[in-house]
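Engineer: The structure file structure_9.pdb (PDB, C-alpha atoms) is provided below.
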ATOM      1  CA  MET C   1     119.369  68.345  73.707  1.00  0.00           C
ATOM      2  CA  ASP C   2     119.420  67.113  77.319  1.00  0.00           C
ATOM      3  CA  LEU C   3     119.090  70.681  78.578  1.00  0.00           C
ATOM      4  CA  LEU C   4     116.063  71.253  76.358  1.00  0.00           C
ATOM      5  CA  LEU C   5     114.383  68.104  77.679  1.00  0.00           C
ATOM      6  CA  LEU C   6     115.137  69.149  81.246  1.00  0.00           C
ATOM      7  CA  CYS C   7     113.598  72.605  80.635  1.00  0.00           C
ATOM      8  CA  ILE C   8     110.470  71.061  79.117  1.00  0.00           C
ATOM      9  CA  LEU C   9     110.176  68.679  82.066  1.00  0.00           C
ATOM     10  CA  LEU C  10     110.558  71.475  84.620  1.00  0.00           C
ATOM     11  CA  ILE C  11     108.015  73.681  82.882  1.00  0.00           C
ATOM     12  CA  SER C  12     105.517  70.847  82.637  1.00  0.00           C
ATOM     13  CA  CYS C  13     105.865  70.136  86.382  1.00  0.00           C
ATOM     14  CA  ARG C  14     104.478  73.525  87.355  1.00  0.00           C
ATOM     15  CA  SER C  15     101.078  73.311  88.917  1.00  0.00           C
ATOM     16  CA  THR C  16      98.368  75.643  90.046  1.00  0.00           C
ATOM     17  CA  THR C  17      96.489  75.199  93.303  1.00  0.00           C
ATOM     18  CA  TYR C  18      92.965  76.499  93.733  1.00  0.00           C
ATOM     19  CA  PHE C  19      91.247  77.029  97.075  1.00  0.00           C
ATOM     20  CA  ILE C  20      87.466  77.034  96.793  1.00  0.00           C
ATOM     21  CA  ILE C  21      85.864  78.494  99.892  1.00  0.00           C
ATOM     22  CA  ARG C  22      82.171  78.824 100.579  1.00  0.00           C
ATOM     23  CA  HIS C  23      81.095  81.939 102.469  1.00  0.00           C
ATOM     24  CA  THR C  24      81.156  81.718 106.248  1.00  0.00           C
ATOM     25  CA  GLU C  25      78.081  81.859 108.488  1.00  0.00           C
ATOM     26  CA  LYS C  26      75.556  84.400 107.284  1.00  0.00           C
ATOM     27  CA  ALA C  27      72.979  86.254 109.335  1.00  0.00           C
ATOM     28  CA  MET C  28      69.359  85.165 109.301  1.00  0.00           C
ATOM     29  CA  ALA C  29      67.289  86.753 106.562  1.00  0.00           C
ATOM     30  CA  THR C  30      64.930  89.379 107.973  1.00  0.00           C
ATOM     31  CA  SER C  31      63.446  90.370 104.645  1.00  0.00           C
ATOM     32  CA  ILE C  32      63.132  89.025 101.137  1.00  0.00           C
ATOM     33  CA  THR C  33      66.706  89.621 100.087  1.00  0.00           C
ATOM     34  CA  THR C  34      69.465  87.369  98.845  1.00  0.00           C
ATOM     35  CA  ASP C  35      72.317  89.720  99.814  1.00  0.00           C
ATOM     36  CA  ILE C  36      72.583  88.720 103.465  1.00  0.00           C
ATOM     37  CA  PRO C  37      75.609  89.918 105.494  1.00  0.00           C
ATOM     38  CA  LEU C  38      77.812  87.696 107.628  1.00  0.00           C
ATOM     39  CA  TYR C  39      76.843  86.784 111.151  1.00  0.00           C
ATOM     40  CA  GLU C  40      79.385  87.648 113.895  1.00  0.00           C
ATOM     41  CA  LYS C  41      80.542  84.017 113.961  1.00  0.00           C
ATOM     42  CA  GLY C  42      81.061  84.237 110.182  1.00  0.00           C
ATOM     43  CA  LYS C  43      83.255  87.327 110.575  1.00  0.00           C
ATOM     44  CA  LYS C  44      85.445  85.471 113.089  1.00  0.00           C
ATOM     45  CA  ARG C  45      85.691  82.505 110.733  1.00  0.00           C
ATOM     46  CA  ALA C  46      86.714  84.831 107.867  1.00  0.00           C
ATOM     47  CA  GLU C  47      89.546  86.071 110.096  1.00  0.00           C
ATOM     48  CA  ALA C  48      90.566  82.454 110.769  1.00  0.00           C
ATOM     49  CA  LEU C  49      90.524  81.804 107.022  1.00  0.00           C
ATOM     50  CA  LYS C  50      92.932  84.726 106.599  1.00  0.00           C
ATOM     51  CA  ASP C  51      95.243  83.208 109.184  1.00  0.00           C
ATOM     52  CA  SER C  52      95.107  79.805 107.454  1.00  0.00           C
ATOM     53  CA  LEU C  53      95.786  81.030 103.919  1.00  0.00           C
ATOM     54  CA  ARG C  54      98.109  84.018 104.389  1.00  0.00           C
ATOM     55  CA  SER C  55     101.224  81.909 103.719  1.00  0.00           C
ATOM     56  CA  GLN C  56      99.913  80.199 100.577  1.00  0.00           C
ATOM     57  CA  HIS C  57     101.399  82.733  98.115  1.00  0.00           C
ATOM     58  CA  LEU C  58      98.038  83.613  96.566  1.00  0.00           C
ATOM     59  CA  ASN C  59      97.958  85.732  93.436  1.00  0.00           C
ATOM     60  CA  TYR C  60      94.216  86.232  93.008  1.00  0.00           C
ATOM     61  CA  ILE C  61      91.074  86.251  95.105  1.00  0.00           C
ATOM     62  CA  TYR C  62      87.737  85.858  93.355  1.00  0.00           C
ATOM     63  CA  SER C  63      84.290  86.365  94.814  1.00  0.00           C
ATOM     64  CA  THR C  64      80.699  86.665  93.749  1.00  0.00           C
ATOM     65  CA  ASN C  65      79.121  90.082  94.222  1.00  0.00           C
ATOM     66  CA  TYR C  66      77.169  89.012  97.319  1.00  0.00           C
ATOM     67  CA  ASN C  67      77.922  90.795 100.586  1.00  0.00           C
ATOM     68  CA  ARG C  68      78.567  87.520 102.461  1.00  0.00           C
ATOM     69  CA  THR C  69      81.106  86.214  99.926  1.00  0.00           C
ATOM     70  CA  ARG C  70      82.980  89.504  99.633  1.00  0.00           C
ATOM     71  CA  SER C  71      83.017  89.798 103.438  1.00  0.00           C
ATOM     72  CA  THR C  72      84.458  86.291 103.739  1.00  0.00           C
ATOM     73  CA  ALA C  73      87.280  87.128 101.315  1.00  0.00           C
ATOM     74  CA  LEU C  74      87.962  90.673 102.548  1.00  0.00           C
ATOM     75  CA  PRO C  75      90.255  90.001 105.560  1.00  0.00           C
ATOM     76  CA  LEU C  76      92.566  87.821 103.453  1.00  0.00           C
ATOM     77  CA  ALA C  77      92.521  90.269 100.532  1.00  0.00           C
ATOM     78  CA  GLU C  78      93.456  93.136 102.849  1.00  0.00           C
ATOM     79  CA  GLU C  79      96.204  91.087 104.516  1.00  0.00           C
ATOM     80  CA  LEU C  80      97.748  90.195 101.140  1.00  0.00           C
ATOM     81  CA  ASN C  81      97.037  93.596  99.571  1.00  0.00           C
ATOM     82  CA  LEU C  82      95.031  91.935  96.786  1.00  0.00           C
ATOM     83  CA  ARG C  83      91.928  93.239  95.048  1.00  0.00           C
ATOM     84  CA  ILE C  84      88.881  90.968  95.178  1.00  0.00           C
ATOM     85  CA  LEU C  85      87.975  90.110  91.603  1.00  0.00           C
ATOM     86  CA  LEU C  86      84.293  89.700  90.794  1.00  0.00           C
TER
END
Represent the structure from my file as structure tokens, please.
Structural biologist:
Amino acid sequence: MDLLLLCILLISCRSTTYFIIRHTEKAMATSITTDIPLYEKGKKRAEALKDSLRSQHLNYIYSTNYNRTRSTALPLAEELNLRILL
């Protein structure tokens, strides 16, 4: 009985951590479009994000279908060999 209670306690202690990241700096819009790419500074920040999160044991990376959000997630996804889920 004690072993069963210990197992239930250990299972209930598991937690999930979510990282919610907004896209990095995007380029200025030059036309009437909402799918704006990242600015050079945004690309560097996406690389820094990769460096910050590479050791977090991520299982999934989600993104919207916008160029700027996929481009923010891409360096980390490539580093961890994960597919970006839309």
Engineer: Have a look at C:Thr24, C:Ser15, C:Ser55, C:Thr34 and name the one nearest to Ser71 (chain C); count all atoms listed in the file.
Structural biologist: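 Closest to Ser71 (chain C), using all atoms listed in the file: C:Thr24.
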Engineer: Find the spatial neighbours of Leu38 (chain C), counting only C-alpha atoms, within a cut-off of 10 Å - ignore same-chain residues fewer than 3 positions away - and output them as a list in words.
Structural biologist: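 Final neighbour list, sorted by chain and number: His23, Thr24, Glu25, Lys26, Ala27, Met28, Asp35, Lys41, Gly42, Lys43, Lys44, Arg45, Ala46, Asn67, Arg68, Thr69, Arg70, Ser71 and Thr72 of chain C.
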Engineer: Could you give me, as number ranges by chain, the residues within 12 Å of Tyr60 (chain C), counting all atoms listed in the file and dropping anything in the same chain fewer than 6 positions from it?
Structural biologist: C: 16-19, 73, 76-77, 80-86
Engineer: Any idea what the distance is between CA of Pro37 (chain C) and CA of Tyr62 (chain C)?
Structural biologist: 17.6 Å
Engineer: CA of Leu49 (chain C) and CA of Asn65 (chain C) are how many Å apart?
Structural biologist: 19.0 Å
Engineer: Which distance in Å separates CA of Ser63 (chain C) and CA of Pro75 (chain C), to one decimal?
Structural biologist: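 Going from CA of Ser63 (chain C) over to CA of Pro75 (chain C) covers 12.8 Å.
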Engineer: Regenerate region 59-84 of chain C at the level of N, CA, C and O atoms and dump it as a short mmCIF file (atom, residue, chain, number, x, y, z; two decimals), in the coordinates of the input.
Structural biologist:
data_model
loop_
_atom_site.label_atom_id
_atom_site.label_comp_id
_atom_site.auth_asym_id
_atom_site.auth_seq_id
_atom_site.Cartn_x
_atom_site.Cartn_y
_atom_site.Cartn_z
N ASN C 59 97.84 84.66 94.41
CA ASN C 59 97.96 85.73 93.44
C ASN C 59 96.63 86.42 93.16
O ASN C 59 96.61 87.58 92.77
N TYR C 60 95.53 85.70 93.34
CA TYR C 60 94.22 86.23 93.01
C TYR C 60 93.21 85.77 94.05
O TYR C 60 93.33 84.67 94.58
N ILE C 61 92.22 86.61 94.28
CA ILE C 61 91.07 86.25 95.10
C ILE C 61 89.83 86.63 94.32
O ILE C 61 89.66 87.78 93.92
N TYR C 62 88.98 85.65 94.09
CA TYR C 62 87.74 85.86 93.36
C TYR C 62 86.56 85.72 94.31
O TYR C 62 86.62 84.98 95.27
N SER C 63 85.49 86.44 94.00
CA SER C 63 84.29 86.36 94.81
C SER C 63 83.09 86.66 93.93
O SER C 63 83.21 87.32 92.90
N THR C 64 81.94 86.20 94.38
CA THR C 64 80.70 86.66 93.75
C THR C 64 80.45 88.08 94.27
O THR C 64 81.17 88.57 95.15
N ASN C 65 79.42 88.71 93.81
CA ASN C 65 79.12 90.08 94.22
C ASN C 65 78.23 90.14 95.46
O ASN C 65 77.74 91.20 95.82
N TYR C 66 77.99 89.00 96.11
CA TYR C 66 77.17 89.01 97.32
C TYR C 66 77.98 89.52 98.51
O TYR C 66 79.18 89.24 98.64
N ASN C 67 77.31 90.23 99.39
CA ASN C 67 77.92 90.80 100.59
C ASN C 67 78.64 89.72 101.39
O ASN C 67 79.78 89.90 101.82
N ARG C 68 78.00 88.57 101.61
CA ARG C 68 78.57 87.52 102.46
C ARG C 68 79.84 86.91 101.86
O ARG C 68 80.75 86.56 102.60
N THR C 69 79.90 86.80 100.53
CA THR C 69 81.11 86.21 99.93
C THR C 69 82.25 87.22 99.89
O THR C 69 83.40 86.87 100.17
N ARG C 70 81.94 88.47 99.60
CA ARG C 70 82.98 89.50 99.63
C ARG C 70 83.51 89.67 101.05
O ARG C 70 84.71 89.81 101.27
N SER C 71 82.61 89.64 102.04
CA SER C 71 83.02 89.80 103.44
C SER C 71 83.86 88.63 103.93
O SER C 71 84.71 88.79 104.80
N THR C 72 83.64 87.45 103.39
CA THR C 72 84.46 86.29 103.74
C THR C 72 85.87 86.45 103.18
O THR C 72 86.86 86.12 103.83
N ALA C 73 85.98 86.98 101.98
CA ALA C 73 87.28 87.13 101.32
C ALA C 73 88.05 88.37 101.76
O ALA C 73 89.27 88.42 101.65
N LEU C 74 87.35 89.37 102.27
CA LEU C 74 87.96 90.67 102.55
C LEU C 74 89.16 90.64 103.51
O LEU C 74 90.19 91.25 103.21
N PRO C 75 89.09 89.97 104.67
CA PRO C 75 90.26 90.00 105.56
C PRO C 75 91.52 89.47 104.90
O PRO C 75 92.60 90.05 105.05
N LEU C 76 91.40 88.39 104.14
CA LEU C 76 92.57 87.82 103.45
C LEU C 76 93.05 88.76 102.36
O LEU C 76 94.25 88.98 102.21
N ALA C 77 92.13 89.34 101.60
CA ALA C 77 92.52 90.27 100.53
C ALA C 77 93.26 91.47 101.10
O ALA C 77 94.28 91.90 100.55
N GLU C 78 92.78 92.00 102.22
CA GLU C 78 93.46 93.14 102.85
C GLU C 78 94.84 92.74 103.37
O GLU C 78 95.80 93.49 103.21
N GLU C 79 94.92 91.57 103.99
CA GLU C 79 96.20 91.09 104.52
C GLU C 79 97.25 90.95 103.41
O GLU C 79 98.42 91.29 103.60
N LEU C 80 96.82 90.44 102.25
CA LEU C 80 97.75 90.20 101.14
C LEU C 80 97.83 91.36 100.16
O LEU C 80 98.54 91.28 99.16
N ASN C 81 97.08 92.43 100.44
CA ASN C 81 97.04 93.60 99.57
C ASN C 81 96.61 93.20 98.15
O ASN C 81 97.24 93.62 97.17
N LEU C 82 95.58 92.38 98.07
CA LEU C 82 95.03 91.94 96.79
C LEU C 82 93.63 92.50 96.61
O LEU C 82 92.88 92.65 97.59
N ARG C 83 93.28 92.80 95.39
CA ARG C 83 91.93 93.24 95.05
C ARG C 83 91.05 92.01 94.90
O ARG C 83 91.49 90.99 94.35
N ILE C 84 89.83 92.06 95.38
CA ILE C 84 88.88 90.97 95.18
C ILE C 84 88.29 91.11 93.78
O ILE C 84 87.70 92.15 93.46
#
